[in-house]
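Asker: Before anything else, here's the structure in question.
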Amino acid sequence: MIPLMKNAFLNEFETKKALAEFILKADRLSMDVQCAAFEKKFAAFQGSKDAILFNSGGSANLAMLQALKNMGKLKDGDKVAFSALTWSTNTMPIIQLGLVPVALDCDIKTLNVMSWNLEERLAQTEIKAMFLTNVLGFTGDIDKIREICANKNIVLIEDNCESLGTELPSGKAGNYGLGASFSFFVAHHMSTIEGGMVCTSDEDFAQMLRIVRANGWDRNLTAQQQYKLRKQYDVKSEFDAKYTFYDLGFNFRPTEITGFLGIYQMQFLEANIKTREANYLALEKIMMQNEDLIILKHDHITCLSTFAFPIVCKTPELREHYLARFSGAGIEIRPMIAGNIQRQPFYDKYVTTKYDMPNTDFIHNNGFYCGNYPELTATDIETISSCLYKY
């Protein structure tokens with residue numbers, strides 16, 4: 001069996017041993033110094049000014065949209081465009097927060113929304129924000145998407161949960177909008193068991209995210225930020241400030257276990273990314289010999305940090321053939337994320353306006369993926385390769 005991910009952590013035994021020792025010695029396990037240190041370390045890796053740690057990537061997505069509403073950048077009924085090929089927690093917060101979801105099609109060869117997909121939708125309807133998913137380690141032409149959004153005053157945020165470490169000539173995926181979410185769930189690039197992050201270089205957005213993360217209060221802000229808020233709302237004492245709630249929020253706080261694991265796993269991250277890229281490129285060479293499969297375009301990407309190994313077949317019948325071949329070889333496989341999210345039961349229940357998604361439907365019907373991670377052995381790669389040949 002080749003699972004989607006073999007272990008909860010890279011260097012599993014070493015990590016679990018270090019975690020056990022940390023728990024035994026720690027005076028406090030609720031959010032504290034380890035979480036703050038992980039935020040600082042991750043922001044430095046990503047190249048952003050700030051990072052805000054959450055209890056999951058899904059919480060990070062919801063928090064970004066709530067923060068935008070709290071800041072007045074979005075209001076009830078505003079239209080928010082999103083990548084139709086995505087995960088549920090990218091789309092559900094749009095609906096849950098009283099916003100109107102507007103699906104965008106993708107390009108089959110990049111798996112991602114491209115600038116022309118956005119321009120096509122803008123010719124039909126006005127949007128206030130765009131929630132872009134960077135799919136499975138790949139991206140679209142996000143530099144051009146950023147330019148369009150800037151010119152039309154559209155708030156751009158990214159779901160970068162599947163593309164940690166992917167780089168383009170113009171920068172790292174996750175650095176193109178006001179903020180971007182990351183996931184540290186088991187089987188993602190790095191694991192803290194559960195956990196997520198938002199990276200941003202906007203001070204006001206970072207402040208509001210910290211308010212949203214912790215019930216709407218100011219306890220995790222800087223002293224200067226607390227002073228300004230308390231003066232604005234005439235909070236007269238530290239005693240009163242303890243239970244003063246400034247805006248809508250949730251309890252999305254992580255634990256010190258999350259922070260510790262994040263710091264510990266980051267020492268393996270650079271090598272992790274390089275191995276994922278090498279694995280993908282090795283398997284891609286096999287795919288190039290098979291006319292049943294579509295080769296994905298990534299020549300605009302300088303570092304391809306793939307979340308998994310996606311396979312796009314030319315017909316649904318061919319997909320059935322390769323699904324059987326992978327399953328027969330003991331390789332765990334999954335649909336291409338959630339496929340066209342408009343075809344999911346929850347979407348049908350809550351959203352009335354749907355859009356034609358020919359390319360996303362093609363991937364929905366013809367695509368699947370298997371795991372890609374550093375623990376894959378030479379034998380594992382050979383087994384996956386054997387399923388990709390045409391014979």
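Chain lettering (A, B, ...) mirrors the order of the structure tokens, residue numbering begins at 1 for each chain separately, and ligand numbering begins at 1 in order of display.
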If we count only C-alpha atoms and set the cut-off at 8 Å, which residues sit around range 375-390 of chain A, ignoring sequence neighbours fewer than 2 positions away in its own chain? Please answer as a list in words.
Answerer: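 Using only C-alpha atoms, the neighbours found are Ile2, Lys6, Leu10, Asn279, Leu283, Ile286, Met287, Gln289, Asn290, Glu291, Asp292, Tyr322, Arg325, Phe326, Ala329, Ile331, Asn372 and Tyr373 of chain A.
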Asker: Could those residues be written to a file, using N, CA and C atoms, as a tab-separated table (two decimals), in the first residue's frame?
Answerer:
```
chain	number	residue	atom	x	y	z
A	2	ILE	N	0.61	2.15	-0.93
A	2	ILE	CA	1.26	3.47	-0.94
A	2	ILE	C	0.18	4.48	-0.56
A	6	LYS	N	2.56	8.65	4.46
A	6	LYS	CA	2.93	7.49	5.27
A	6	LYS	C	2.95	7.80	6.76
A	10	LEU	N	7.26	14.40	9.14
A	10	LEU	CA	8.57	14.02	8.63
A	10	LEU	C	9.47	13.69	9.83
A	279	ASN	N	10.42	14.35	-7.20
A	279	ASN	CA	9.50	13.23	-7.42
A	279	ASN	C	8.57	13.51	-8.59
A	283	LEU	N	8.32	11.52	-12.33
A	283	LEU	CA	7.10	10.87	-12.81
A	283	LEU	C	6.56	11.53	-14.07
A	286	ILE	N	7.68	10.00	-17.31
A	286	ILE	CA	6.93	8.82	-17.72
A	286	ILE	C	5.63	9.24	-18.40
A	287	MET	N	4.95	10.22	-17.81
A	287	MET	CA	3.68	10.69	-18.37
A	287	MET	C	3.84	11.23	-19.78
A	289	GLN	N	5.42	10.16	-22.10
A	289	GLN	CA	5.45	9.07	-23.08
A	289	GLN	C	4.06	8.47	-23.32
A	290	ASN	N	3.06	8.98	-22.61
A	290	ASN	CA	1.72	8.38	-22.63
A	290	ASN	C	0.71	9.36	-23.21
A	291	GLU	N	0.21	9.07	-24.38
A	291	GLU	CA	-0.72	9.97	-25.06
A	291	GLU	C	-2.12	9.94	-24.45
A	292	ASP	N	-2.37	9.04	-23.48
A	292	ASP	CA	-3.66	9.03	-22.78
A	292	ASP	C	-3.78	10.16	-21.77
A	322	TYR	N	-7.26	3.97	-15.52
A	322	TYR	CA	-6.09	4.27	-14.68
A	322	TYR	C	-6.44	4.21	-13.20
A	325	ARG	N	-6.03	0.68	-12.40
A	325	ARG	CA	-4.61	0.31	-12.41
A	325	ARG	C	-3.94	0.76	-11.11
A	326	PHE	N	-4.19	2.00	-10.69
A	326	PHE	CA	-3.59	2.50	-9.44
A	326	PHE	C	-4.10	1.72	-8.24
A	329	ALA	N	-2.60	-1.64	-7.90
A	329	ALA	CA	-1.21	-1.62	-7.46
A	329	ALA	C	-1.07	-1.24	-5.98
A	331	ILE	N	-2.10	1.70	-4.59
A	331	ILE	CA	-1.80	3.13	-4.46
A	331	ILE	C	-3.08	3.86	-4.07
A	372	ASN	N	2.36	12.54	-2.94
A	372	ASN	CA	3.75	12.87	-3.26
A	372	ASN	C	4.37	13.47	-1.99
A	373	TYR	N	5.41	12.82	-1.47
A	373	TYR	CA	6.02	13.26	-0.22
A	373	TYR	C	7.41	12.64	-0.10
```
Asker: Write out as a tab-separated table the residues of range 188-288 of chain A that have any atom within 7 Å of an atom of range 61-69 of chain A, one row each with the nearest atom pair and its distance in Å to one decimal, counting only C-alpha atoms, sorted by chain and then rising number.
Answerer:
```
residue	atom	partner	partner_atom	distance
A:Met208	CA	A:Ala67	CA	5.7
A:Leu209	CA	A:Ala67	CA	5.8
A:Val212	CA	A:Ala63	CA	6.2
A:Arg213	CA	A:Ala63	CA	6.8
```
Asker: For N, CA and C atoms, I'd like the residues from the last selection saved as a PDB file, in the first residue's frame.
Answerer:
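Below is the file that was written, out.pdb:
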```
ATOM      1  N   MET A 208      -6.720  42.716  12.630  1.00  0.00           N
ATOM      2  CA  MET A 208      -8.097  42.235  12.652  1.00  0.00           C
ATOM      3  C   MET A 208      -8.160  40.713  12.691  1.00  0.00           C
ATOM      4  N   LEU A 209      -7.227  40.051  12.027  1.00  0.00           N
ATOM      5  CA  LEU A 209      -7.188  38.584  12.074  1.00  0.00           C
ATOM      6  C   LEU A 209      -6.957  38.094  13.501  1.00  0.00           C
ATOM      7  N   VAL A 212     -10.237  38.512  15.279  1.00  0.00           N
ATOM      8  CA  VAL A 212     -11.175  37.472  14.843  1.00  0.00           C
ATOM      9  C   VAL A 212     -10.809  36.122  15.460  1.00  0.00           C
ATOM     10  N   ARG A 213      -9.520  35.822  15.537  1.00  0.00           N
ATOM     11  CA  ARG A 213      -9.060  34.526  16.035  1.00  0.00           C
ATOM     12  C   ARG A 213      -9.472  34.265  17.484  1.00  0.00           C
TER      13      ARG A 213
END
```
Asker: Excluding Thr315 in chain A and residues on its chain fewer than 6 positions from it, collect all residues at most 10 Å away from it, counting only C-alpha atoms, and give them as a PyMOL selection string.
Answerer: chain A and resi 292-293+321+362-363+365-367
Asker: Counting only C-alpha atoms, what is within 7 Å of Ala51 in chain A, bar same-chain residues fewer than 5 positions away, as a list of chain:residue names?
Answerer: A:Glu39, A:Lys40, A:Phe42, A:Ala43, A:Met197, A:Val198, A:Cys199, A:Thr200
Asker: Can you write out the residues you just picked, keeping N, CA and C atoms, as a short mmCIF file (atom, residue, chain, number, x, y, z; two decimals), in the first residue's frame?
Answerer:
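And here is the file that came out, out_23.cif:
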```
data_model
loop_
_atom_site.label_atom_id
_atom_site.label_comp_id
_atom_site.auth_asym_id
_atom_site.auth_seq_id
_atom_site.Cartn_x
_atom_site.Cartn_y
_atom_site.Cartn_z
N GLU A 39 4.91 31.66 14.37
CA GLU A 39 4.44 32.73 13.49
C GLU A 39 5.61 33.53 12.91
N LYS A 40 6.54 33.90 13.77
CA LYS A 40 7.69 34.70 13.33
C LYS A 40 8.56 33.92 12.35
N PHE A 42 7.65 31.33 10.44
CA PHE A 42 6.95 31.05 9.19
C PHE A 42 6.85 32.31 8.32
N ALA A 43 6.62 33.45 8.94
CA ALA A 43 6.58 34.70 8.19
C ALA A 43 7.91 34.96 7.49
N MET A 197 -2.42 28.85 9.00
CA MET A 197 -1.75 30.14 9.13
C MET A 197 -2.32 31.09 8.08
N VAL A 198 -2.33 32.36 8.41
CA VAL A 198 -2.53 33.41 7.40
C VAL A 198 -1.29 34.27 7.38
N CYS A 199 -0.73 34.46 6.18
CA CYS A 199 0.39 35.39 6.02
C CYS A 199 -0.11 36.65 5.34
N THR A 200 0.38 37.77 5.82
CA THR A 200 0.00 39.06 5.25
C THR A 200 1.11 40.08 5.53
#
```
Asker: For the atom pair CA of Gly259 in chain A and CA of Leu97 in chain A, what is the interatomic distance in Å to one decimal place?
Answerer: 28.5 Å
Asker: I need the residues of range 333-370 of chain A that end up classed as strand (DSSP E or B) by DSSP on the backbone, written out as a ChimeraX atom specification.
Answerer: /A:333-335,340,367-370
Asker: Point out the residue among A:Glu119, A:Glu126, A:Glu320, A:Asp202 with the least atom-to-atom distance to Val102 in chain A, counting only C-alpha atoms.
Answerer: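 Checking each candidate against Val102 in chain A, we get A:Glu126 as the closest.
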Asker: Going by DSSP on the backbone, which bits of range 255-376 of chain A are alpha helix (DSSP H)? Write them as an NGL selection string, please.
Answerer: :A and (256-266 or 269-287 or 316-328 or 345-350 or 358-366)
Asker: Please produce a file of those selected residues containing C-alpha atoms, as a PDB file, in the first residue's frame.
Answerer:
```pdb
ATOM      1  CA  GLU A 256       1.373  25.351  22.134  1.00  0.00           C
ATOM      2  CA  ILE A 257       1.564  21.832  20.700  1.00  0.00           C
ATOM      3  CA  THR A 258       0.740  23.320  17.286  1.00  0.00           C
ATOM      4  CA  GLY A 259       3.403  25.985  17.727  1.00  0.00           C
ATOM      5  CA  PHE A 260       6.062  23.539  18.883  1.00  0.00           C
ATOM      6  CA  LEU A 261       5.398  21.100  16.049  1.00  0.00           C
ATOM      7  CA  GLY A 262       5.443  23.918  13.494  1.00  0.00           C
ATOM      8  CA  ILE A 263       8.842  25.150  14.629  1.00  0.00           C
ATOM      9  CA  TYR A 264      10.217  21.615  14.758  1.00  0.00           C
ATOM     10  CA  GLN A 265       8.920  20.597  11.326  1.00  0.00           C
ATOM     11  CA  MET A 266      10.209  23.747   9.627  1.00  0.00           C
ATOM     12  CA  LEU A 269      10.755  22.115   4.992  1.00  0.00           C
ATOM     13  CA  GLU A 270      13.307  23.188   2.372  1.00  0.00           C
ATOM     14  CA  ALA A 271      14.463  19.605   1.743  1.00  0.00           C
ATOM     15  CA  ASN A 272      10.829  18.479   1.756  1.00  0.00           C
ATOM     16  CA  ILE A 273       9.955  20.917  -1.051  1.00  0.00           C
ATOM     17  CA  LYS A 274      12.960  19.914  -3.167  1.00  0.00           C
ATOM     18  CA  THR A 275      12.101  16.222  -2.857  1.00  0.00           C
ATOM     19  CA  ARG A 276       8.482  16.808  -3.832  1.00  0.00           C
ATOM     20  CA  GLU A 277       9.608  18.680  -6.942  1.00  0.00           C
ATOM     21  CA  ALA A 278      12.134  15.969  -7.867  1.00  0.00           C
ATOM     22  CA  ASN A 279       9.502  13.234  -7.418  1.00  0.00           C
ATOM     23  CA  TYR A 280       7.047  15.064  -9.649  1.00  0.00           C
ATOM     24  CA  LEU A 281       9.551  15.751 -12.419  1.00  0.00           C
ATOM     25  CA  ALA A 282      10.671  12.107 -12.413  1.00  0.00           C
ATOM     26  CA  LEU A 283       7.104  10.870 -12.806  1.00  0.00           C
ATOM     27  CA  GLU A 284       6.313  13.553 -15.364  1.00  0.00           C
ATOM     28  CA  LYS A 285       8.936  12.052 -17.682  1.00  0.00           C
ATOM     29  CA  ILE A 286       6.930   8.819 -17.716  1.00  0.00           C
ATOM     30  CA  MET A 287       3.683  10.692 -18.369  1.00  0.00           C
ATOM     31  CA  PRO A 316     -13.630   9.568 -18.435  1.00  0.00           C
ATOM     32  CA  GLU A 317     -13.178   6.039 -19.766  1.00  0.00           C
ATOM     33  CA  LEU A 318      -9.418   6.390 -19.577  1.00  0.00           C
ATOM     34  CA  ARG A 319      -9.717   7.676 -16.014  1.00  0.00           C
ATOM     35  CA  GLU A 320     -11.625   4.531 -15.051  1.00  0.00           C
ATOM     36  CA  HIS A 321      -8.853   2.475 -16.622  1.00  0.00           C
ATOM     37  CA  TYR A 322      -6.093   4.266 -14.684  1.00  0.00           C
ATOM     38  CA  LEU A 323      -8.097   4.348 -11.448  1.00  0.00           C
ATOM     39  CA  ALA A 324      -8.324   0.560 -11.622  1.00  0.00           C
ATOM     40  CA  ARG A 325      -4.612   0.306 -12.406  1.00  0.00           C
ATOM     41  CA  PHE A 326      -3.591   2.499  -9.440  1.00  0.00           C
ATOM     42  CA  SER A 327      -5.990   0.774  -7.043  1.00  0.00           C
ATOM     43  CA  GLY A 328      -4.796  -2.629  -8.200  1.00  0.00           C
ATOM     44  CA  PRO A 345     -24.741  18.909  -2.456  1.00  0.00           C
ATOM     45  CA  PHE A 346     -24.187  21.875  -0.118  1.00  0.00           C
ATOM     46  CA  TYR A 347     -23.688  24.246  -3.056  1.00  0.00           C
ATOM     47  CA  ASP A 348     -26.880  23.118  -4.716  1.00  0.00           C
ATOM     48  CA  LYS A 349     -28.753  23.725  -1.456  1.00  0.00           C
ATOM     49  CA  TYR A 350     -27.561  27.277  -0.755  1.00  0.00           C
ATOM     50  CA  PRO A 358     -16.356  23.296 -19.027  1.00  0.00           C
ATOM     51  CA  ASN A 359     -12.704  23.002 -18.007  1.00  0.00           C
ATOM     52  CA  THR A 360     -13.404  22.377 -14.320  1.00  0.00           C
ATOM     53  CA  ASP A 361     -15.952  19.744 -15.317  1.00  0.00           C
ATOM     54  CA  PHE A 362     -13.323  18.140 -17.544  1.00  0.00           C
ATOM     55  CA  ILE A 363     -10.941  17.857 -14.598  1.00  0.00           C
ATOM     56  CA  HIS A 364     -13.802  16.720 -12.339  1.00  0.00           C
ATOM     57  CA  ASN A 365     -14.599  13.870 -14.742  1.00  0.00           C
ATOM     58  CA  ASN A 366     -11.081  12.986 -15.920  1.00  0.00           C
TER      59      ASN A 366
END
```
Asker: What lies within 8 Å of Met357 in chain A using only C-alpha atoms, ignoring chain neighbours under 5 positions off, as a list in words?
Answerer: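 Near neighbours after the sequence-gap exclusion: Ala84, Leu104, Asp105, Cys106 and Asn340 of chain A.
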Asker: Within 7 Å of range 334-338 of chain A, counting only C-alpha atoms, which residues qualify if same-chain residues fewer than 6 places away don't, as a count of residues only?
Answerer: 8
Asker: Given only C-alpha atoms as the basis, pick out the residue of A:Asp204, A:Asp356, A:Asp32, A:Asp143 nearest to Asn220 in chain A.
Answerer: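 Residue with the minimum atom-to-atom distance to Asn220 in chain A: A:Asp32.
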Asker: List the neighbours of Asn112 in chain A out to 7 Å using only C-alpha atoms; skip same-chain residues closer than 6 positions along the sequence, and give me the result as a PyMOL selection string.
Answerer: chain A and resi 106+134-135+139-140
Asker: Quick one: distance from CA of Gln225 in chain A to CA of Tyr246 in chain A in Å, one decimal?
Answerer: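 Computed distance, CA of Gln225 in chain A to CA of Tyr246 in chain A, equals 12.3 Å.
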Asker: From the list A:Gln232, A:Asn251, A:Ser48, A:Asn117, which residue is nearest Gly177 in chain A when using only C-alpha atoms?
Answerer: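 Closest residue, counting only C-alpha atoms: A:Ser48.
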Asker: Determine the nearest neighbour of Lys314 in chain A from the options A:Lys109, A:His298, A:Arg343, A:Arg28, counting only C-alpha atoms.
Answerer: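 Counting only C-alpha atoms, the residue closest to Lys314 in chain A is A:Lys109.
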Asker: Between A:Lys17, A:Lys172, A:Lys354, A:Arg121, which one has atoms that come closest to Gln46 in chain A, using only C-alpha atoms?
Answerer: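 Smallest separation from Gln46 in chain A among the options: A:Lys172.
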Asker: Using only C-alpha atoms, which of the listed residues (A:Ser163, A:Thr89, A:Thr352, A:Ser183) sits closest to Ala308 in chain A?
Answerer: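 Using only C-alpha atoms, Ala308 in chain A sits closest to A:Ser163.
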Asker: Interatomic distance between CA of Lys79 in chain A and CA of Phe252 in chain A?
Answerer: 25.3 Å
